[in-house]
Structure formats: C-alpha cells, structure tokens
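Student: File model19.cif follows (mmCIF, C-alpha atoms):
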data_target
#
loop_
_atom_site.group_PDB
_atom_site.id
_atom_site.type_symbol
_atom_site.label_atom_id
_atom_site.label_comp_id
_atom_site.auth_asym_id
_atom_site.auth_seq_id
_atom_site.Cartn_x
_atom_site.Cartn_y
_atom_site.Cartn_z
ATOM 1 C CA MET A 21 6.403 0.971 -17.170
ATOM 2 C CA GLN A 22 3.760 -1.283 -18.730
ATOM 3 C CA GLU A 23 4.510 -4.022 -16.178
ATOM 4 C CA GLN A 24 3.780 -1.855 -13.128
ATOM 5 C CA ALA A 25 0.678 -0.296 -14.696
ATOM 6 C CA THR A 26 -0.627 -3.746 -15.657
ATOM 7 C CA ALA A 27 0.041 -5.050 -12.140
ATOM 8 C CA PHE A 28 -1.891 -2.094 -10.696
ATOM 9 C CA LYS A 29 -4.808 -2.764 -13.045
ATOM 10 C CA GLU A 30 -4.885 -6.455 -12.175
ATOM 11 C CA GLU A 31 -4.796 -5.734 -8.436
ATOM 12 C CA THR A 32 -7.605 -3.189 -8.617
ATOM 13 C CA ASP A 33 -9.627 -5.509 -10.875
ATOM 14 C CA ALA A 34 -9.341 -8.209 -8.197
ATOM 15 C CA LEU A 35 -10.366 -5.770 -5.458
ATOM 16 C CA TYR A 36 -13.316 -4.600 -7.551
ATOM 17 C CA ALA A 37 -14.454 -8.212 -7.975
ATOM 18 C CA LEU A 38 -14.380 -8.575 -4.179
ATOM 19 C CA LEU A 39 -16.336 -5.348 -3.596
ATOM 20 C CA GLU A 40 -18.879 -5.456 -6.408
ATOM 21 C CA PRO A 41 -21.242 -8.037 -4.814
ATOM 22 C CA LEU A 42 -21.414 -6.201 -1.456
ATOM 23 C CA LYS A 43 -24.683 -4.825 -0.156
ATOM 24 C CA GLU A 44 -24.821 -1.151 0.770
ATOM 25 C CA SER A 45 -24.908 -2.098 4.450
ATOM 26 C CA ASP A 46 -21.610 -3.982 4.092
ATOM 27 C CA TRP A 47 -19.754 -0.757 3.339
ATOM 28 C CA SER A 48 -20.180 0.430 6.928
ATOM 29 C CA ARG A 49 -18.540 -2.681 8.417
ATOM 30 C CA PRO A 50 -15.474 -1.763 10.525
ATOM 31 C CA THR A 51 -12.171 -3.406 9.635
ATOM 32 C CA LEU A 52 -9.264 -4.296 11.904
ATOM 33 C CA PHE A 53 -7.351 -1.284 10.536
ATOM 34 C CA LYS A 54 -8.036 1.489 13.071
ATOM 35 C CA GLY A 55 -11.729 0.607 12.963
ATOM 36 C CA TRP A 56 -12.001 2.115 9.480
ATOM 37 C CA THR A 57 -15.034 0.940 7.558
ATOM 38 C CA ILE A 58 -14.808 -0.570 4.099
ATOM 39 C CA ASN A 59 -16.123 2.781 2.854
ATOM 40 C CA ASP A 60 -13.312 4.612 4.684
ATOM 41 C CA VAL A 61 -10.720 2.327 3.116
ATOM 42 C CA ILE A 62 -11.902 2.836 -0.459
ATOM 43 C CA ALA A 63 -12.332 6.588 0.090
ATOM 44 C CA HIS A 64 -8.724 6.682 1.303
ATOM 45 C CA VAL A 65 -7.248 4.873 -1.703
ATOM 46 C CA HIS A 66 -9.500 6.840 -4.050
ATOM 47 C CA GLY A 67 -8.189 10.075 -2.571
ATOM 48 C CA GLY A 68 -4.659 8.795 -3.136
ATOM 49 C CA ASN A 69 -5.539 7.952 -6.732
ATOM 50 C CA ILE A 70 -6.813 11.478 -7.334
ATOM 51 C CA SER A 71 -3.516 12.796 -5.990
ATOM 52 C CA ALA A 72 -1.482 10.419 -8.184
ATOM 53 C CA ASP A 73 -3.520 11.367 -11.260
ATOM 54 C CA LEU A 74 -2.935 15.076 -10.705
ATOM 55 C CA SER A 75 0.734 14.640 -9.788
ATOM 56 C CA LEU A 76 1.304 12.906 -13.127
ATOM 57 C CA ASN A 77 -0.835 15.104 -15.339
ATOM 58 C CA ASP A 78 -1.224 18.568 -13.741
ATOM 59 C CA ARG A 79 1.269 19.618 -11.090
ATOM 60 C CA ALA A 80 -0.361 22.995 -10.486
ATOM 61 C CA ALA A 81 -3.719 21.313 -9.874
ATOM 62 C CA TYR A 82 -1.977 18.844 -7.570
ATOM 63 C CA ASP A 83 -0.539 21.689 -5.494
ATOM 64 C CA ARG A 84 -3.947 23.397 -5.272
ATOM 65 C CA MET A 85 -5.635 20.166 -4.271
ATOM 66 C CA LYS A 86 -3.059 19.493 -1.574
ATOM 67 C CA ALA A 87 -3.502 23.005 -0.148
ATOM 68 C CA ASP A 88 -7.306 22.716 -0.243
ATOM 69 C CA ARG A 89 -7.282 19.418 1.630
ATOM 70 C CA ALA A 90 -4.872 20.737 4.261
ATOM 71 C CA ARG A 91 -7.007 23.849 4.745
ATOM 72 C CA LEU A 92 -10.165 21.766 5.076
ATOM 73 C CA ALA A 93 -8.577 19.558 7.723
ATOM 74 C CA GLU A 94 -7.296 22.566 9.663
ATOM 75 C CA GLU A 95 -10.508 24.609 9.522
ATOM 76 C CA GLN A 96 -12.761 21.713 10.540
ATOM 77 C CA LYS A 97 -10.246 20.043 12.895
ATOM 78 C CA LEU A 98 -10.436 16.759 11.002
ATOM 79 C CA ASP A 99 -8.041 13.824 10.975
ATOM 80 C CA ASN A 100 -6.868 12.357 7.673
ATOM 81 C CA ARG A 101 -9.736 9.857 7.392
ATOM 82 C CA GLU A 102 -12.394 12.446 8.209
ATOM 83 C CA ALA A 103 -10.874 15.068 5.920
ATOM 84 C CA THR A 104 -10.741 12.634 2.998
ATOM 85 C CA ASN A 105 -14.386 11.670 3.414
ATOM 86 C CA VAL A 106 -15.522 15.296 3.647
ATOM 87 C CA TRP A 107 -13.322 16.335 0.711
ATOM 88 C CA LEU A 108 -14.907 13.573 -1.392
ATOM 89 C CA GLY A 109 -18.384 14.755 -0.456
ATOM 90 C CA ASN A 110 -18.971 11.781 1.864
ATOM 91 C CA VAL A 111 -19.729 9.602 -1.147
ATOM 92 C CA GLN A 112 -20.784 6.128 -0.036
ATOM 93 C CA GLY A 113 -21.059 2.520 -1.133
ATOM 94 C CA ARG A 114 -21.655 1.705 -4.770
ATOM 95 C CA ALA A 115 -21.393 5.345 -5.822
ATOM 96 C CA LEU A 116 -17.886 5.433 -4.358
ATOM 97 C CA LEU A 117 -17.090 2.045 -5.912
ATOM 98 C CA LYS A 118 -17.921 3.426 -9.373
ATOM 99 C CA LEU A 119 -15.815 6.580 -8.957
ATOM 100 C CA TRP A 120 -12.862 4.661 -7.535
ATOM 101 C CA TYR A 121 -12.858 1.945 -10.195
ATOM 102 C CA GLU A 122 -13.200 4.355 -13.125
ATOM 103 C CA LEU A 123 -10.196 6.333 -11.908
ATOM 104 C CA CYS A 124 -8.211 3.113 -11.394
ATOM 105 C CA GLN A 125 -8.717 2.310 -15.068
ATOM 106 C CA LYS A 126 -7.589 5.807 -16.075
ATOM 107 C CA LEU A 127 -4.481 5.614 -13.907
ATOM 108 C CA ALA A 128 -3.510 2.278 -15.422
ATOM 109 C CA ARG A 129 -3.823 3.730 -18.936
ATOM 110 C CA ASP A 130 -2.004 6.977 -18.165
ATOM 111 C CA PHE A 131 0.924 5.432 -16.296
ATOM 112 C CA ALA A 132 1.355 2.728 -18.931
ATOM 113 C CA VAL A 133 2.396 5.353 -21.490
ATOM 114 C CA ALA A 134 4.134 7.846 -19.178
ATOM 115 C CA ASP A 135 7.890 8.324 -19.040
ATOM 116 C CA PRO A 136 8.876 6.034 -16.129
ATOM 117 C CA LYS A 137 11.620 8.475 -15.092
ATOM 118 C CA LYS A 138 9.352 11.525 -14.982
ATOM 119 C CA ARG A 139 9.544 13.189 -11.544
ATOM 120 C CA VAL A 140 6.207 13.656 -9.822
ATOM 121 C CA PRO A 141 5.448 15.294 -6.448
ATOM 122 C CA TRP A 142 4.324 13.207 -3.506
ATOM 123 C CA ALA A 143 4.074 13.781 0.265
ATOM 124 C CA GLY A 144 6.486 16.693 0.311
ATOM 125 C CA ARG A 145 9.073 15.130 -1.986
ATOM 126 C CA GLU A 146 9.383 13.759 -5.499
ATOM 127 C CA MET A 147 9.489 10.255 -6.932
ATOM 128 C CA SER A 148 9.619 8.705 -10.362
ATOM 129 C CA ALA A 149 6.405 7.912 -12.214
ATOM 130 C CA ARG A 150 7.373 4.233 -11.995
ATOM 131 C CA SER A 151 7.624 4.501 -8.216
ATOM 132 C CA SER A 152 4.314 6.369 -8.104
ATOM 133 C CA ILE A 153 2.284 3.637 -9.815
ATOM 134 C CA SER A 154 4.157 0.976 -7.821
ATOM 135 C CA ALA A 155 3.115 2.832 -4.667
ATOM 136 C CA ARG A 156 -0.519 2.846 -5.827
ATOM 137 C CA LEU A 157 -0.272 -0.917 -6.361
ATOM 138 C CA MET A 158 1.213 -1.377 -2.891
ATOM 139 C CA GLU A 159 -1.395 0.789 -1.181
ATOM 140 C CA HIS A 160 -4.303 -1.033 -2.832
ATOM 141 C CA TRP A 161 -2.745 -4.383 -1.991
ATOM 142 C CA ALA A 162 -2.127 -3.330 1.630
ATOM 143 C CA HIS A 163 -5.489 -1.691 2.274
ATOM 144 C CA GLY A 164 -7.214 -4.415 0.313
ATOM 145 C CA GLN A 165 -5.951 -6.844 2.942
ATOM 146 C CA GLU A 166 -8.163 -5.387 5.667
ATOM 147 C CA ILE A 167 -11.164 -5.791 3.373
ATOM 148 C CA TYR A 168 -10.313 -9.418 2.600
ATOM 149 C CA ASP A 169 -9.836 -9.917 6.337
ATOM 150 C CA VAL A 170 -13.139 -8.400 7.451
ATOM 151 C CA LEU A 171 -15.015 -10.365 4.778
ATOM 152 C CA GLY A 172 -13.288 -13.588 5.836
ATOM 153 C CA LYS A 173 -11.911 -14.126 2.338
ATOM 154 C CA ASP A 174 -8.607 -15.598 1.210
ATOM 155 C CA ARG A 175 -6.729 -13.510 -1.325
ATOM 156 C CA VAL A 176 -5.384 -15.232 -4.437
ATOM 157 C CA SER A 177 -1.824 -13.926 -4.732
ATOM 158 C CA THR A 178 0.150 -13.705 -7.965
ATOM 159 C CA ASP A 179 3.700 -12.794 -8.898
ATOM 160 C CA ARG A 180 2.665 -9.186 -9.499
ATOM 161 C CA ILE A 181 3.508 -8.687 -5.811
ATOM 162 C CA ARG A 182 7.170 -8.700 -6.853
ATOM 163 C CA ASN A 183 6.682 -4.957 -7.388
ATOM 164 C CA ILE A 184 5.754 -4.641 -3.693
ATOM 165 C CA VAL A 185 8.699 -6.822 -2.667
ATOM 166 C CA VAL A 186 11.047 -4.525 -4.605
ATOM 167 C CA LEU A 187 9.465 -1.485 -2.964
ATOM 168 C CA GLY A 188 10.031 -3.123 0.398
ATOM 169 C CA ILE A 189 13.680 -3.835 -0.425
ATOM 170 C CA ASN A 190 14.256 -0.317 -1.744
ATOM 171 C CA THR A 191 12.814 1.337 1.371
ATOM 172 C CA PHE A 192 15.225 -0.364 3.788
ATOM 173 C CA GLY A 193 17.078 2.924 4.381
ATOM 174 C CA TRP A 194 13.858 4.967 4.349
ATOM 175 C CA THR A 195 12.442 2.917 7.230
ATOM 176 C CA PHE A 196 15.265 4.150 9.463
ATOM 177 C CA ASN A 197 15.874 7.631 8.030
ATOM 178 C CA ASN A 198 12.168 8.423 8.410
ATOM 179 C CA ARG A 199 12.550 7.653 12.119
ATOM 180 C CA LYS A 200 15.738 9.726 12.348
ATOM 181 C CA MET A 201 17.693 6.527 12.948
ATOM 182 C CA THR A 202 20.929 5.503 11.294
ATOM 183 C CA PRO A 203 20.310 2.526 9.006
ATOM 184 C CA PRO A 204 22.242 -0.618 9.947
ATOM 185 C CA PRO A 205 25.492 -0.893 7.963
ATOM 186 C CA VAL A 206 24.448 -4.307 6.630
ATOM 187 C CA ARG A 207 21.508 -4.849 4.300
ATOM 188 C CA PRO A 208 20.184 -8.334 5.040
ATOM 189 C CA ARG A 209 19.922 -10.897 2.317
ATOM 190 C CA VAL A 210 16.327 -11.670 1.342
ATOM 191 C CA ARG A 211 15.263 -15.004 -0.137
ATOM 192 C CA LEU A 212 11.556 -15.341 -0.841
ATOM 193 C CA THR A 213 9.243 -17.883 -2.396
ATOM 194 C CA ALA A 214 6.907 -16.255 -4.904
ATOM 195 C CA PRO A 215 3.247 -17.297 -5.285
ATOM 196 C CA SER A 216 4.326 -19.163 -8.452
ATOM 197 C CA GLY A 217 6.988 -21.064 -6.507
ATOM 198 C CA ALA A 218 9.861 -19.087 -8.027
ATOM 199 C CA ILE A 219 12.681 -18.045 -5.693
ATOM 200 C CA TRP A 220 13.418 -14.325 -5.504
ATOM 201 C CA GLU A 221 16.742 -13.251 -4.008
ATOM 202 C CA PHE A 222 17.943 -9.771 -3.086
ATOM 203 C CA ASN A 223 21.136 -8.315 -1.571
ATOM 204 C CA SER A 224 22.922 -11.595 -2.218
ATOM 205 C CA GLU A 225 26.168 -10.152 -3.629
ATOM 206 C CA PRO A 226 28.021 -8.409 -0.753
ATOM 207 C CA ALA A 227 30.105 -10.720 1.398
ATOM 208 C CA ASP A 228 29.287 -8.748 4.563
ATOM 209 C CA THR A 229 25.639 -9.881 4.515
ATOM 210 C CA ALA A 230 26.655 -13.221 6.012
ATOM 211 C CA GLY A 231 24.478 -14.050 8.998
ATOM 212 C CA GLU A 232 21.791 -11.527 8.033
ATOM 213 C CA LEU A 233 18.911 -13.232 6.235
ATOM 214 C CA ILE A 234 15.145 -13.007 5.798
ATOM 215 C CA GLU A 235 13.548 -15.966 4.078
ATOM 216 C CA GLY A 236 10.105 -17.378 3.518
ATOM 217 C CA SER A 237 6.890 -16.375 1.778
ATOM 218 C CA ALA A 238 6.951 -13.334 -0.518
ATOM 219 C CA VAL A 239 3.340 -12.667 0.468
ATOM 220 C CA GLU A 240 4.271 -12.535 4.149
ATOM 221 C CA PHE A 241 7.250 -10.286 3.430
ATOM 222 C CA CYS A 242 4.886 -7.887 1.655
ATOM 223 C CA GLN A 243 2.489 -8.047 4.603
ATOM 224 C CA VAL A 244 5.277 -7.035 6.986
ATOM 225 C CA VAL A 245 6.764 -4.173 4.938
ATOM 226 C CA ALA A 246 3.273 -2.839 4.169
ATOM 227 C CA GLN A 247 2.344 -3.225 7.858
ATOM 228 C CA THR A 248 -0.701 -5.454 7.390
ATOM 229 C CA ARG A 249 0.759 -8.119 9.686
ATOM 230 C CA ASN A 250 3.228 -8.160 12.564
ATOM 231 C CA ILE A 251 6.363 -10.179 11.858
ATOM 232 C CA ALA A 252 5.380 -12.432 14.793
ATOM 233 C CA ASP A 253 2.222 -13.452 12.924
ATOM 234 C CA THR A 254 4.186 -14.774 9.939
ATOM 235 C CA ARG A 255 6.407 -17.786 9.328
ATOM 236 C CA LEU A 256 9.253 -15.676 7.969
ATOM 237 C CA LYS A 257 12.645 -16.816 9.229
ATOM 238 C CA VAL A 258 14.662 -13.798 10.336
ATOM 239 C CA THR A 259 18.349 -14.210 11.184
ATOM 240 C CA GLY A 260 20.686 -11.457 12.382
ATOM 241 C CA GLU A 261 20.402 -8.242 14.374
ATOM 242 C CA SER A 262 19.946 -5.941 11.371
ATOM 243 C CA ALA A 263 17.302 -8.201 9.846
ATOM 244 C CA ARG A 264 15.332 -8.411 13.084
ATOM 245 C CA LEU A 265 15.468 -4.638 13.614
ATOM 246 C CA TRP A 266 14.329 -3.946 10.053
ATOM 247 C CA MET A 267 11.412 -6.364 10.232
ATOM 248 C CA SER A 268 10.290 -4.831 13.535
ATOM 249 C CA LEU A 269 9.992 -1.364 11.937
ATOM 250 C CA ALA A 270 9.635 -1.944 8.179
ATOM 251 C CA GLN A 271 7.588 0.692 6.344
ATOM 252 C CA CYS A 272 7.477 0.721 2.559
ATOM 253 C CA PHE A 273 5.082 3.666 2.244
ATOM 254 C CA ALA A 274 5.590 7.430 2.463
ATOM 255 C CA GLY A 275 4.498 9.644 5.319
ATOM 256 C CA VAL A 276 5.262 9.900 9.002
ATOM 257 C CA PRO A 277 6.668 6.854 10.798
ATOM 258 C CA ARG A 278 3.980 4.298 11.548
ATOM 259 C CA THR A 279 4.087 1.569 14.171
ATOM 260 C CA PRO A 280 3.425 -1.918 12.757
ATOM 261 C CA PRO A 281 0.287 -3.636 14.078
ATOM 262 C CA ALA A 282 0.700 -5.430 17.387
ATOM 263 C CA PRO A 283 0.953 -9.231 17.242
ATOM 264 C CA GLY A 284 -2.406 -10.922 16.827
ATOM 265 C CA THR A 285 -4.360 -7.791 15.892
ATOM 266 C CA ARG A 286 -4.601 -8.259 12.111
ATOM 267 C CA TYR A 287 -6.033 -11.515 10.781
ATOM 268 C CA LYS A 288 -8.712 -13.035 8.576
ATOM 269 C CA GLN A 289 -11.952 -12.897 10.503
ATOM 270 C CA VAL A 290 -14.275 -15.886 10.746
ATOM 271 C CA LEU A 291 -17.829 -14.958 9.878
ATOM 272 C CA ASN A 292 -20.849 -16.531 11.492
ATOM 273 C CA GLY A 293 -23.368 -17.978 9.100
#
Will you turn the file into structure tokens for me?
Tutor:
Amino acid sequence: MQEQATAFKEETDALYALLEPLKESDWSRPTLFKGWTINDVIAHVHGGNISADLSLNDRAAYDRMKADRARLAEEQKLDNREATNVWLGNVQGRALLKLWYELCQKLARDFAVADPKKRVPWAGREMSARSSISARLMEHWAHGQEIYDVLGKDRVSTDRIRNIVVLGINTFGWTFNNRKMTPPPVRPRVRLTAPSGAIWEFNSEPADTAGELIEGSAVEFCQVVAQTRNIADTRLKVTGESARLWMSLAQCFAGVPRTPPAPGTRYKQVLNG
C-alpha cells in the first residue's frame, strides 16, 4: 500500500504548499462549492482524516467519535459543515492548517505500513485500508480543486491521479446502486490520457462494450467522477447510452447520492489585481 500512501502524502504536500502563503483573511473566502470557505473545506477534510485515523487504529474510538458527532449535530440542529466546525472547536486559519497537515503526515506513515486488506469502518459500511487511503487522496484532490479555483491557480497534475481514476472505475456500480437504480448491463470502455502522456485503458476486454466509450483527459475524468466539474464543462468524448448515463451521475465517494454541479458553475476564477 506504499503507492497509495505516497500518493496521498504528495497530494497533501502540494495542497499545503498552496495554503501555506495565505493570509488569515484568505481563509474566509467563499469557494464555488456550496459557498464553503477555504476554512470550511480544510475543516471538512481534516474531520475526515480524524475519522480515517481512528478507523484504522482504534475502532472503538471511531464508533464513539461517530456517535458524538451525530449527537452534536442533532442537539444543535447543525448541518454537516456546521457540525464539523463546532466539533473541531471552530479552529481557524493557520492553526487549522497546522493540525490538518500534521495529521496528513501521520496518516501517510500509518497507512504505508498497514495491511492493505484490513477491513475498516466507514460511512455505515466497511472498506479495505487500501480503499480508505485512496479515498482520502480522492477527497483531498476533489476538495482541493475548489481552493485552486477560488485562488485562480492552475493545479499541476501528476500520474498519482491514477488512484482516483481506478476509484472512479470501481464505483461504476455504486453510482447506480446508491441511487437505487439498476446499473447498466454494459460497463463502458475507458481510454484516458494521463498527465505524463501515458494511455490508461479500462474495461477493454469484454466484447459487449462495443459502442460504449469514454475517452480523453484523465484529469477531466477524475473531475467528473469526483463531481468537481460537470461533464459538459470537459472535453471528454462520451459515446453510448450507458456511458452518457454514468457520466451524468458519476459519484466515486461514499455517502448519500449527490447531484453533480450544474454546467458552468465550477471553474477557475479570475482574480482582479
């Protein structure tokens, strides 16, 4: 599992480098993700990291933490964002940055030496430790996008996003089952160009995938399955009924079904001055 843990570390290192120069006032800037501030975004992924740390290392503590957070939300009538901020003590700015980054380093170390097949609890079900750290990578990459966007910065992508591509491929059925829909009988072929220029192909063996194809940028595929961009805002070429349906609903993360962003609502912002 060294590869996934290393990819997570590299992604969080890159996000830290983006955040470290920010002024305290920057942390209250709203992003294009539900109006969440940069502080809200990092509090959210930090809360997820605490959960992942406990799920790997102390299941009883994980269960207590989950119950405490649910009780807090219920008693104070808070949504997920509000409950996370209150549960974390409303820590802000550089203080939050320090806590988040230190735990990122710990997670990378712990998952690097964990049994990749170990079952860990998550969102009412279980997953492998390998899937858990891959999910942390995906969530930081996805939520990092709204921070890059609001700061008007271009992200430098690397082939570590293959882990997110694989997560997207593996959650084809989940996208539909989570919506109580029957998955299409055909899994579309996927042919993507990696940041390095390498070609990644998936579902290319079965003969019945003919006519069902998604091809283009691996970065844009990740943006669609992680719901940071609408398929209409990418240059992905989507052929076939099953492929089009999947890309209109794709969700590679756990939790209740989420609607992808509407076309034109998520983009890199242009800053004045």
Student: Between A:Phe53, A:Phe28, A:Tyr121, A:Tyr287, single out the one closest to Asp174 of chain A, counting all atoms listed in the file.
Tutor: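 The answer is A:Tyr287, which sits nearest to Asp174 of chain A.
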Student: Which is closest to Gly68 of chain A among A:Leu127, A:Ile234, A:Ala132, A:Met201, if we use all atoms listed in the file?
Tutor: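 Checking each of A:Leu127, A:Ile234, A:Ala132, A:Met201 against Gly68 of chain A, counting all atoms listed in the file, the winner is A:Leu127.
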Student: Taking the file as I've supplied it (selection: the PyMOL selection byres ((chain A and resi 202-218) around 7)), which residues are included? Please answer as a PyMOL selection string.
Tutor: chain A and resi 177-179+193+196-197+200-201+219-224+228-229+232-238+262-263
Student: Using only C-alpha atoms, can you tell me which of A:Leu108, A:Gly172, A:Leu157, A:Phe241 comes closest to Val258 of chain A?
Tutor: A:Phe241
Student: Looking at A:Ser152, A:Gln271, A:Asn105, A:Thr279, which one is nearest to Leu74 of chain A, with distances taken over all atoms listed in the file?
Tutor: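 Ranking A:Ser152, A:Gln271, A:Asn105, A:Thr279 by distance to Leu74 of chain A, first place goes to A:Ser152.
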Student: Residues near Arg249 of chain A, anyone? I mean within 12 Å using only C-alpha atoms, not counting same-chain ones fewer than 2 positions away, as JSON, numbers by chain.
Tutor: {"A": [52, 53, 162, 163, 165, 166, 169, 239, 240, 241, 242, 243, 244, 245, 246, 247, 251, 252, 253, 254, 255, 256, 267, 268, 269, 270, 271, 279, 280, 281, 282, 283, 284, 285, 286, 287, 288]}
Student: Would you pick out the contacts of Ala155 of chain A at 12 Å or less, using all atoms listed in the file, so that residues sharing its chain but fewer than 6 positions from it are not included, and give the list as a PyMOL selection string?
Tutor: chain A and resi 24-25+27-28+65+68-69+72+142+147-149+161-163+181+183-188+190-191+246+272-274
Student: If I take atom CA of Arg156 of chain A and atom CA of Thr104 of chain A, how far is one from the other in Å, to one decimal?
Tutor: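 Distance between the two atoms: 16.7 Å.
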Student: Near segment 33-35 of chain A, counting only C-alpha atoms, which residues have an atom at most 9 Å away, once you skip same-chain residues fewer than 5 positions from it, shown as a PyMOL selection string?
Tutor: chain A and resi 28+40+121+124-125+160-161+164+167-168+176
Student: If you measure from atom CA of Phe131 of chain A to atom CA of Ile189 of chain A, what distance in Å do you get, rounded to one decimal?
Tutor: 22.4 Å
